[in-house]
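J.: Dropping a structure here in structure tokens format, bear with me for questions.
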Amino acid sequence: QGPVGAELPLPAIQPLRAIVIADAVRPNAAQTLEYFKKEGVAIKVISGDNPKTVSAIAAAAGLEGAERYLDLSQLKTQEELEAAAEQYTVFGRVSPHQKKQLVQALQKAGHRVAMTGDGVNDILALREADCSIAIGEGSDAARQVSQLVLLDSDFASLPDVLAEGRRVVNNITRVASIFFVKTIYSAILSVICILANTPFPFVPIQITLIDLAIEGYPTLFMSFEPDGRKVTSRFLPSVMRRALPNALTIVADVLLVWALAPVLGIPEAQGEAIMYLLVGLMGVAAVFKSCWPFNKLRVFLFTTMTLGFYAAVFLFRDLLHVSLPSMSQLPFLLTLAAGSLVLERLLALLVNAVMKRKKAGAQ
């Protein structure tokens, strides 16, 4: 012992071992990140940890731009955060409220934002994101507010999720126009019939055949086709662009038959049959547009649908209350059919031009 109050010399300390604690990067992480890069998806890493640590982990996982990191605790204003959201890839020292602000900043810049998280500190951002994804091993609160939960807690499942989402959106967008044709012309004709105080030209059983043969049969099978194309258009404008020309052509056909049939001496029953056959023709044309470009499945569906519809009209004409046109009325029907196809193409060009001009004006 030394004198009272004297400091004793410390013994020399020699380190014997160094223990490094690190989470192992999953072997498929780089492959998953590369997939999203090819698909045009920008990856942002948001964490409450030290930005240097997060950057090193992101670089080890193969994230492009991992060296562009930022300590978000240094930012003071919303304007600085919005500028940083586009400029940086890795964000550290991020508070729960700032995670939400980052999502909002990216949305404000015109991006669709998918947010993944596992803890209660991610809840605000998950609720704000366009698509919220939680992992199965995360907190109950995060799973409750998320739209999608990865039960295997593996982000490598996300490419399959993206492909499935694109398949659904692309297929539904393509086939929905077939249903919209009937919706549009039925609404317009209903208004015209009310104003003219005249019966609707078609009976329910006739519409049922169109629903079954032209709308239901081909669209059911086409909706399950694989389609991983990137979604580049909005649903409603895309559907209306396809459906409007056919629907307006049907309205024009009905009005023409109403006007010309009495002049040409065509009985009312045959006139309504001509209208119905023209409606079927425009429905077939709508399916043709949805099937383009054709593959083996679509060729089969389109061929059997077309033959099936007209065969059903011929075979079950009494059940459908259809009085088939006579041979003398056939030239009138064929002329209207040819004119309908030409009118549909002209209306399609007009609708496309109007929508392109509207889109350019919005930009």
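If you're wondering about the labels, chains in the structure tokens are A, B, ... by order shown, residues count from 1 in each chain, ligands from 1 in order shown.
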Using only C-alpha atoms, determine which residues lie at most 7 Å from stretch 273-290 of chain A, disregarding the query and same-chain residues fewer than 2 positions distant; provide the list as a list of chain:residue names.
T.: A:Arg174, A:Val175, A:Ile178, A:Ile214, A:Asn246, A:Ile250, A:Asp253, A:Val254, A:Val257, A:Ala269, A:Gln270, A:Gly271, A:Trp292, A:Phe302, A:Thr306, A:Val322, A:Ser323, A:Leu324, A:Pro325, A:Leu333, A:Ala337
J.: Compare A:Ile205, A:Ile133, A:Ala252, A:Met222 by their minimum atom-to-atom distance to A:Phe155, counting only C-alpha atoms, and give me the closest one.
T.: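 That would be A:Ile133, the residue with the smallest distance to A:Phe155.
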J.: For the contact check between stretch 105-222 of chain A and stretch 46-61 of chain A, emit one row per residue of stretch 105-222 of chain A within 10 Å, containing the shortest atom pair and the distance in Å rounded to one decimal, counting only C-alpha atoms, chain then rising number order, as a Markdown table.
T.:
| residue | atom | partner | partner_atom | distance |
| --- | --- | --- | --- | --- |
| A:Met115 | CA | A:Ile46 | CA | 9.7 |
| A:Thr116 | CA | A:Ile46 | CA | 9.7 |
| A:Gly117 | CA | A:Ile46 | CA | 9.5 |
| A:Asn121 | CA | A:Gly48 | CA | 9.1 |
| A:Asp122 | CA | A:Ser47 | CA | 9.6 |
J.: Could you save the residues just selected, with all heavy atoms, as a CSV table (one decimal), in the first residue's frame?
T.:
chain,number,residue,atom,x,y,z
A,115,MET,N,-43.1,1.4,-48.0
A,115,MET,CA,-42.3,1.5,-46.8
A,115,MET,C,-42.3,0.1,-46.1
A,115,MET,O,-43.3,-0.5,-45.9
A,115,MET,CB,-42.9,2.5,-45.8
A,115,MET,CG,-42.3,2.6,-44.4
A,115,MET,SD,-40.6,3.3,-44.4
A,115,MET,CE,-40.2,3.0,-42.7
A,116,THR,N,-41.1,-0.3,-45.7
A,116,THR,CA,-41.0,-1.6,-45.0
A,116,THR,C,-40.5,-1.2,-43.6
A,116,THR,O,-39.6,-0.4,-43.4
A,116,THR,CB,-40.0,-2.6,-45.6
A,116,THR,OG1,-38.7,-2.0,-45.6
A,116,THR,CG2,-40.4,-2.9,-47.1
A,117,GLY,N,-41.0,-2.0,-42.6
A,117,GLY,CA,-40.6,-1.7,-41.2
A,117,GLY,C,-41.0,-2.9,-40.3
A,117,GLY,O,-41.7,-3.7,-40.7
A,121,ASN,N,-41.6,2.3,-34.0
A,121,ASN,CA,-41.0,3.6,-34.5
A,121,ASN,C,-41.3,3.7,-36.0
A,121,ASN,O,-41.0,4.8,-36.6
A,121,ASN,CB,-39.6,3.7,-34.2
A,121,ASN,CG,-38.7,2.6,-34.7
A,121,ASN,OD1,-39.3,1.5,-35.0
A,121,ASN,ND2,-37.5,2.8,-34.8
A,122,ASP,N,-41.7,2.7,-36.7
A,122,ASP,CA,-42.0,2.8,-38.1
A,122,ASP,C,-43.5,3.0,-38.4
A,122,ASP,O,-43.8,3.1,-39.6
A,122,ASP,CB,-41.5,1.5,-38.8
A,122,ASP,CG,-40.1,1.2,-38.7
A,122,ASP,OD1,-39.3,2.2,-38.9
A,122,ASP,OD2,-39.7,0.1,-38.4
J.: I'd like to know which residues of stretch 21-199 of chain A are strand (DSSP E or B) (by DSSP, run on the backbone); could you write them as JSON, numbers by chain?
T.: {"A": [45, 46, 69, 70, 71, 90, 91, 92, 114, 115, 116, 117, 131, 132, 133, 134, 135, 148, 149, 150]}
J.: Rank nothing, just name the residue among A:Leu102, A:Leu248, A:Ala22, A:Leu124 nearest to A:Leu346, using only C-alpha atoms.
T.: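 Nearest to A:Leu346: A:Leu248.
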J.: May I ask for the distance between atom CA of A:Phe316 and atom CA of A:Pro204, given in Å to one decimal place?
T.: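 Pair atom CA of A:Phe316 / atom CA of A:Pro204 returns 14.4 Å.
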J.: Enumerate as a ChimeraX atom specification all residues of stretch 90-183 of chain A assigned to alpha helix (DSSP H) by DSSP on the backbone, naming them with the chain letters and numbers the document uses.
T.: /A:96-108,123-128,140-145,158-183
J.: Record the distance separating atom CA of A:Gly216 and atom CA of A:Leu347, expressed in Å with one decimal.
T.: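 According to the coordinates, atom CA of A:Gly216 and atom CA of A:Leu347 are separated by 25.2 Å.
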J.: Kindly indicate which residue among A:Ala243, A:Cys291, A:Leu320, A:Leu189 lies nearest to A:Glu344, using only C-alpha atoms for the distances.
T.: A:Ala243
J.: Rounded to one decimal in Å, what is the spacing between atom CA of A:Arg26 and atom CA of A:Ser153?
T.: 11.6 Å
J.: Residues at most 10 Å from stretch 76-83 of chain A, counting only C-alpha atoms, excluding those fewer than 3 positions away in the same chain, as a short mmCIF file (atom, residue, chain, number, x, y, z; two decimals) with C-alpha atoms, in the first residue's frame?
T.:
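For reference, result-v4.cif as written:
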data_model
loop_
_atom_site.label_atom_id
_atom_site.label_comp_id
_atom_site.auth_asym_id
_atom_site.auth_seq_id
_atom_site.Cartn_x
_atom_site.Cartn_y
_atom_site.Cartn_z
CA LEU A 72 -30.91 13.47 -40.22
CA SER A 73 -30.63 14.86 -36.69
CA GLU A 86 -33.95 12.94 -53.26
CA GLN A 87 -30.20 13.46 -52.85
CA TYR A 88 -29.19 10.81 -50.28
CA GLN A 98 -38.86 12.23 -39.58
CA GLN A 101 -41.70 13.28 -43.25
CA LEU A 102 -39.32 11.43 -45.59
CA VAL A 103 -42.23 9.41 -46.99
CA GLN A 104 -44.23 12.60 -47.48
CA ALA A 105 -41.27 14.33 -49.14
CA LEU A 106 -40.87 11.52 -51.66
CA LYS A 108 -44.49 15.29 -52.85
CA ALA A 109 -41.75 14.77 -55.43
#
J.: So that I can see what lies close to A:Glu64, please list as a list in words the residues with an atom at most 10 Å from it, counting only C-alpha atoms and leaving out residues fewer than 2 positions away in the same chain.
T.: Ala30, Leu33, Glu34, Lys37, Ala42, Ile43, Ala58, Ala59, Ala61, Gly62, Ala66, Glu67, Arg68 and Thr89 of chain A
